[in-house]
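Pasting structure27.cif here (mmCIF, C-alpha atoms and all ligand atoms):
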```cif
data_query
loop_
_atom_site.label_atom_id
_atom_site.label_comp_id
_atom_site.auth_asym_id
_atom_site.auth_seq_id
_atom_site.Cartn_x
_atom_site.Cartn_y
_atom_site.Cartn_z
CA MET C 132 -20.03 -14.79 4.77
CA ARG C 133 -16.69 -16.57 4.44
CA TYR C 134 -14.84 -13.46 5.69
CA THR C 135 -16.24 -10.90 8.14
CA THR C 136 -13.06 -8.87 8.72
CA LEU C 137 -11.10 -7.39 5.83
CA LEU C 138 -7.67 -5.78 6.17
CA PHE C 139 -6.79 -3.59 3.19
CA ASP C 140 -3.46 -2.29 2.02
CA LEU C 141 -3.66 1.23 0.47
CA ASP C 142 -0.75 1.85 -1.94
CA HIS C 143 -1.04 0.05 -5.28
CA THR C 144 -4.08 -1.84 -3.94
CA LEU C 145 -6.83 0.78 -3.57
CA LEU C 146 -4.86 3.83 -4.72
CA ASP C 147 -2.92 4.42 -7.93
CA SER C 148 0.32 5.22 -6.13
CA VAL C 149 2.35 5.12 -9.34
CA ALA C 150 0.41 8.12 -10.65
CA SER C 151 0.69 9.76 -7.23
CA GLU C 152 4.46 9.35 -7.10
CA ARG C 153 5.00 10.41 -10.71
CA ALA C 154 2.92 13.60 -10.39
CA SER C 155 4.45 14.56 -7.07
CA PHE C 156 8.00 13.88 -8.23
CA GLU C 157 7.51 15.97 -11.35
CA ALA C 158 6.09 18.92 -9.38
CA THR C 159 8.87 18.66 -6.79
CA MET C 160 11.62 18.63 -9.43
CA ARG C 161 10.12 21.48 -11.45
CA SER C 162 9.80 23.74 -8.44
CA GLY C 163 13.46 22.98 -7.70
CA GLY C 164 14.34 24.28 -11.17
CA VAL C 165 14.95 20.86 -12.75
CA ASP C 166 14.04 20.98 -16.45
CA ASP C 167 13.84 17.23 -17.04
CA PRO C 168 12.31 15.48 -14.01
CA ALA C 169 11.85 12.24 -15.97
CA ALA C 170 15.63 11.84 -16.20
CA TYR C 171 15.75 11.30 -12.43
CA PHE C 172 12.54 9.39 -11.83
CA GLN C 173 13.85 5.85 -12.32
CA ALA C 174 16.78 6.46 -9.99
CA PHE C 175 14.36 7.84 -7.43
CA VAL C 176 12.00 4.86 -7.77
CA GLU C 177 14.87 2.44 -7.16
CA ILE C 178 16.15 4.34 -4.11
CA ASN C 179 12.61 4.55 -2.74
CA LEU C 180 11.96 0.82 -3.18
CA MET C 181 15.23 -0.07 -1.51
CA LEU C 182 14.50 2.18 1.48
CA TRP C 183 10.93 0.85 1.92
CA ALA C 184 12.38 -2.68 1.93
CA GLY C 185 14.39 -1.45 4.92
CA VAL C 186 11.12 -0.41 6.58
CA GLU C 187 9.72 -3.93 6.04
CA ARG C 188 12.83 -5.38 7.71
CA GLY C 189 12.40 -3.00 10.64
CA ASP C 190 15.72 -1.24 9.88
CA LEU C 191 14.17 2.13 8.96
CA SER C 192 11.09 4.14 9.89
CA PRO C 193 8.80 5.72 7.27
CA ASN C 194 9.86 9.13 8.55
CA GLN C 195 13.50 8.28 7.85
CA VAL C 196 12.58 7.27 4.29
CA ARG C 197 10.88 10.65 3.88
CA SER C 198 14.21 12.53 3.82
CA MET C 199 16.72 9.77 3.00
CA ARG C 200 15.28 9.15 -0.45
CA PHE C 201 16.11 12.70 -1.53
CA GLU C 202 19.45 12.77 0.30
CA GLN C 203 20.42 9.63 -1.63
CA LEU C 204 19.09 11.02 -4.91
CA VAL C 205 21.22 14.13 -4.50
CA ALA C 206 24.22 12.01 -3.47
CA THR C 207 24.01 9.69 -6.49
CA THR C 208 23.05 12.11 -9.29
CA ASP C 209 24.07 15.59 -10.46
CA LEU C 210 21.09 17.22 -8.70
CA ASP C 211 22.08 20.04 -6.36
CA SER C 212 18.67 20.97 -4.91
CA ASP C 213 18.07 20.92 -1.14
CA PRO C 214 16.99 17.38 -0.25
CA ILE C 215 14.98 18.39 2.82
CA GLN C 216 13.02 20.97 0.87
CA MET C 217 12.32 18.38 -1.84
CA ALA C 218 11.28 15.82 0.76
CA ASP C 219 8.80 18.25 2.29
CA GLN C 220 7.31 19.17 -1.04
CA TYR C 221 7.15 15.56 -2.19
CA VAL C 222 5.02 14.38 0.73
CA VAL C 223 2.57 17.22 0.13
CA GLY C 224 2.37 16.17 -3.51
CA LEU C 225 1.88 12.51 -2.59
CA GLY C 226 -1.09 13.46 -0.45
CA ALA C 227 -2.56 15.64 -3.18
CA ASN C 228 -2.13 13.29 -6.17
CA GLY C 229 -3.30 9.84 -7.22
CA ASP C 230 -6.82 8.50 -7.59
CA LEU C 231 -8.48 5.34 -6.34
CA TYR C 232 -8.34 2.50 -8.86
CA ALA C 233 -11.43 1.98 -10.97
CA GLY C 234 -13.95 -0.07 -9.01
CA ALA C 235 -12.29 0.52 -5.62
CA LEU C 236 -15.03 2.74 -4.21
CA GLU C 237 -17.80 0.47 -5.51
CA MET C 238 -16.06 -2.59 -4.07
CA LEU C 239 -15.61 -0.91 -0.65
CA GLU C 240 -19.29 0.07 -0.62
CA THR C 241 -20.28 -3.54 -1.33
CA VAL C 242 -18.03 -5.36 1.13
CA SER C 243 -18.51 -2.79 3.92
CA GLN C 244 -22.14 -3.89 4.11
CA VAL C 245 -21.17 -7.44 5.05
CA ALA C 246 -17.79 -7.12 6.79
CA THR C 247 -15.74 -4.94 9.13
CA LEU C 248 -12.94 -3.14 7.30
CA ALA C 249 -9.51 -1.91 8.39
CA LEU C 250 -6.80 -0.09 6.49
CA VAL C 251 -3.28 -1.33 7.32
CA THR C 252 -0.62 0.62 5.48
CA ASN C 253 3.14 1.04 5.50
CA GLY C 254 3.42 4.77 4.97
CA ILE C 255 3.97 8.27 6.28
CA GLY C 256 1.09 9.54 8.41
CA GLU C 257 0.71 12.95 6.78
CA VAL C 258 0.70 11.41 3.27
CA GLN C 259 -1.79 8.65 3.99
CA ARG C 260 -4.11 10.87 6.07
CA ALA C 261 -4.25 13.43 3.23
CA ARG C 262 -5.04 10.72 0.68
CA ILE C 263 -7.71 9.14 2.86
CA ALA C 264 -9.37 12.53 3.40
CA ARG C 265 -9.17 13.50 -0.26
CA THR C 266 -10.56 10.22 -1.60
CA GLY C 267 -13.27 10.02 1.07
CA ILE C 268 -12.61 6.38 2.00
CA GLY C 269 -12.12 6.98 5.74
CA PRO C 270 -15.71 6.18 6.81
CA PHE C 271 -15.45 2.65 5.38
CA PHE C 272 -12.83 1.66 7.95
CA ASP C 273 -13.26 0.84 11.62
CA ALA C 274 -9.49 1.05 12.07
CA ILE C 275 -6.85 2.97 10.13
CA VAL C 276 -3.37 1.81 11.07
CA ILE C 277 -0.43 3.65 9.48
CA SER C 278 3.06 2.34 10.16
CA GLY C 279 4.56 5.85 10.35
CA GLU C 280 2.16 6.68 13.18
CA VAL C 281 2.28 3.44 15.17
CA GLY C 282 6.02 2.77 14.85
CA THR C 283 5.78 -0.74 13.44
CA SER C 284 5.34 -2.00 9.88
CA LYS C 285 4.04 -4.92 7.83
CA PRO C 286 4.99 -7.77 7.61
CA GLY C 287 5.70 -7.87 11.37
CA ALA C 288 3.10 -9.26 13.76
CA ALA C 289 2.95 -6.11 15.91
CA ILE C 290 1.01 -4.03 13.37
CA PHE C 291 -1.50 -6.87 12.99
CA ASP C 292 -1.78 -7.12 16.79
CA LEU C 293 -2.58 -3.39 16.94
CA THR C 294 -5.15 -3.70 14.18
CA PHE C 295 -6.85 -6.72 15.73
CA ALA C 296 -6.97 -4.95 19.10
CA GLU C 297 -8.58 -1.87 17.53
CA LEU C 298 -11.18 -4.09 15.89
CA GLY C 299 -12.00 -5.89 19.15
CA ASN C 300 -9.99 -9.03 18.36
CA PRO C 301 -11.95 -10.66 15.54
CA GLU C 302 -11.45 -14.34 14.64
CA ARG C 303 -8.38 -14.94 12.51
CA GLU C 304 -10.23 -17.71 10.63
CA THR C 305 -12.67 -15.21 9.14
CA THR C 306 -10.14 -12.42 8.50
CA LEU C 307 -8.64 -11.70 5.07
CA MET C 308 -5.61 -9.52 4.24
CA ILE C 309 -5.90 -7.90 0.79
CA GLY C 310 -2.82 -6.33 -0.81
CA ASP C 311 -0.48 -6.11 -3.78
CA ASN C 312 2.83 -6.53 -2.00
CA LEU C 313 4.13 -10.06 -1.49
CA SER C 314 6.82 -9.21 1.07
CA SER C 315 4.65 -6.99 3.29
CA ASP C 316 0.96 -7.86 2.77
CA ILE C 317 1.09 -11.52 1.81
CA VAL C 318 4.02 -12.66 3.97
CA GLY C 319 2.54 -10.58 6.81
CA GLY C 320 -0.86 -12.24 6.49
CA ILE C 321 0.55 -15.75 6.14
CA ASP C 322 2.86 -15.31 9.14
CA TYR C 323 -0.06 -13.98 11.20
CA GLY C 324 -2.18 -17.00 10.35
CA ILE C 325 -4.85 -15.27 8.30
CA ASP C 326 -5.98 -15.87 4.73
CA THR C 327 -4.58 -13.61 2.04
CA CYS C 328 -5.85 -12.12 -1.21
CA TRP C 329 -3.10 -11.02 -3.57
CA TYR C 330 -4.11 -8.17 -5.87
CA ALA C 331 -1.79 -8.60 -8.84
CA PRO C 332 -1.52 -8.33 -12.60
CA ALA C 333 -2.09 -11.65 -14.36
CA ASP C 334 1.45 -12.07 -15.70
CA THR C 335 3.25 -12.51 -12.38
CA THR C 336 3.57 -15.62 -10.21
CA THR C 337 4.70 -16.50 -6.70
CA ASP C 338 5.65 -19.57 -4.72
CA LEU C 339 3.98 -18.12 -1.62
CA ALA C 340 0.82 -19.90 -0.45
CA VAL C 341 -1.61 -17.08 -1.25
CA THR C 342 -5.22 -18.05 -0.50
CA HIS C 343 -6.84 -16.00 -3.25
CA ARG C 344 -5.61 -14.00 -6.17
CA ILE C 345 -7.43 -11.27 -8.08
CA ASP C 346 -6.54 -8.84 -10.85
CA ASN C 347 -9.77 -6.86 -10.50
CA LEU C 348 -11.02 -5.35 -7.23
CA LEU C 349 -14.60 -6.14 -8.20
CA ALA C 350 -13.77 -9.86 -7.88
CA LEU C 351 -13.38 -9.42 -4.12
CA PRO C 352 -17.05 -9.44 -3.01
CA SER C 353 -17.58 -13.02 -4.23
CA ILE C 354 -14.46 -14.13 -2.34
CA VAL C 355 -15.74 -12.43 0.81
CA SER C 356 -19.12 -14.11 0.51
CA GLY C 357 -17.57 -17.52 -0.12
CA ALA C 358 -19.02 -17.85 -3.60
CA GLN C 359 -15.54 -18.11 -5.07
CA LEU C 360 -13.29 -20.89 -3.80
CA PRO C 361 -9.57 -20.37 -3.18
CA SER C 362 -7.48 -20.30 -6.34
CA ALA C 363 -4.36 -22.46 -6.71
CA PRO C 364 -1.43 -20.78 -4.95
CA GLY C 365 0.46 -18.37 -7.16
CA MET C 366 -1.60 -19.10 -10.25
CA PRO C 367 -3.25 -16.37 -12.28
CA PRO C 368 -6.89 -15.74 -11.35
CA ALA C 369 -9.57 -17.75 -13.09
CA GLN C 370 -11.40 -14.61 -14.14
CA SER C 371 -10.29 -11.17 -15.18
MG MG C 401 0.74 -1.82 -1.51
#
```
How does this structure look as structure tokens?
Ligand SMILES: [Mg+2]
Amino acid sequence: MRYTTLLFDLDHTLLDSVASERASFEATMRSGGVDDPAAYFQAFVEINLMLWAGVERGDLSPNQVRSMRFEQLVATTDLDSDPIQMADQYVVGLGANGDLYAGALEMLETVSQVATLALVTNGIGEVQRARIARTGIGPFFDAIVISGEVGTSKPGAAIFDLTFAELGNPERETTLMIGDNLSSDIVGGIDYGIDTCWYAPADTTTDLAVTHRIDNLLALPSIVSGAQLPSAPGMPPAQS
């Protein structure tokens, strides 16, 4: 095996977090008496992205994002619902909605037979724990490290230190970080000195020195085994 330790991101990598966020937002708005949730969704997405970038910089904690995203939504739109009540309902909805991507379970079953797996996610503990329980992926992972629980986030080294310690300090040379997010997963992996696998649609590029790139989770087992050589940095994957 080329890689014997695999670190997985959760949101937008294994789990369809777009569907999760959309369904939860709609339910939250409707129970607050909002007739047209879609009218506020884009504003919410932008606020949410901006706040999670603050988490990556170490300026905010996931638990601060939990309430701030609705406080800012109320402050910048004509919504007059209670932001704390919306925040509470939204995290319940996030845990309850969103499926694994097609092929994710099959891929985890395959690679878990040849490698040790960890989940390393920037997120709120109650949300991610509910999703892990609901989708049944927990048993695949020897370590589940959630930034909202451990107090440190990707891309910083500390969350990788914690993960490596929980796994019994595996070799960095045979460890691979798999994720969709360039600023947290890929920069985090590169800075920590481990190989990276960027899970991304084929029409985007990057100047970062990603080791592998896939647009289909079922392409991962051949990378893990070493059957597929590294792709050129930032280039679309050779196969789809
Ligand atoms: Mg992600």
With all atoms listed in the file as the atoms that count, which of C:Gly310, C:Gly357, C:Pro193, C:Pro301 lies nearest to ligand MG 401 (chain C)? C:Gly310
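Considering the residues C:Leu204, C:Leu210, C:Ala227, C:Val186 and counting only C-alpha atoms, C:Asp167 has its shortest atom-to-atom contact with C:Leu210.
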With distances taken over all atoms listed in the file, which residue among C:Phe271, C:Glu187, C:Asp166, C:Ala264 lies nearest C:Val242?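 Result for the nearest residue to C:Val242: C:Phe271.
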Selection within 8 Å of ligand MG 401 (chain C) by only C-alpha atoms and all ligand atoms, output as a short mmCIF file (atom, residue, chain, number, x, y, z; two decimals) with C-alpha atoms, in the frame of the given file:
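For reference, pocket.cif as written:
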```
data_model
loop_
_atom_site.label_atom_id
_atom_site.label_comp_id
_atom_site.auth_asym_id
_atom_site.auth_seq_id
_atom_site.Cartn_x
_atom_site.Cartn_y
_atom_site.Cartn_z
CA ASP C 140 -3.46 -2.29 2.02
CA LEU C 141 -3.66 1.23 0.47
CA ASP C 142 -0.75 1.85 -1.94
CA HIS C 143 -1.04 0.05 -5.28
CA THR C 144 -4.08 -1.84 -3.94
CA THR C 252 -0.62 0.62 5.48
CA ASN C 253 3.14 1.04 5.50
CA GLY C 310 -2.82 -6.33 -0.81
CA ASP C 311 -0.48 -6.11 -3.78
CA ASN C 312 2.83 -6.53 -2.00
CA ASP C 316 0.96 -7.86 2.77
#
```
To one decimal place in Å, what is the distance between atom CA of C:Gly279 and atom CA of C:Leu231?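 According to the coordinates, atom CA of C:Gly279 and atom CA of C:Leu231 are separated by 21.2 Å.
With distances restricted to all atoms listed in the file, C:Phe139 is the closest residue to C:Gly320 from C:Val245, C:Tyr232, C:Val205, C:Phe139.
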Interatomic distance between atom CA of C:Asp211 and atom CA of C:Val223?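 Going from atom CA of C:Asp211 over to atom CA of C:Val223, I get 20.8 Å.
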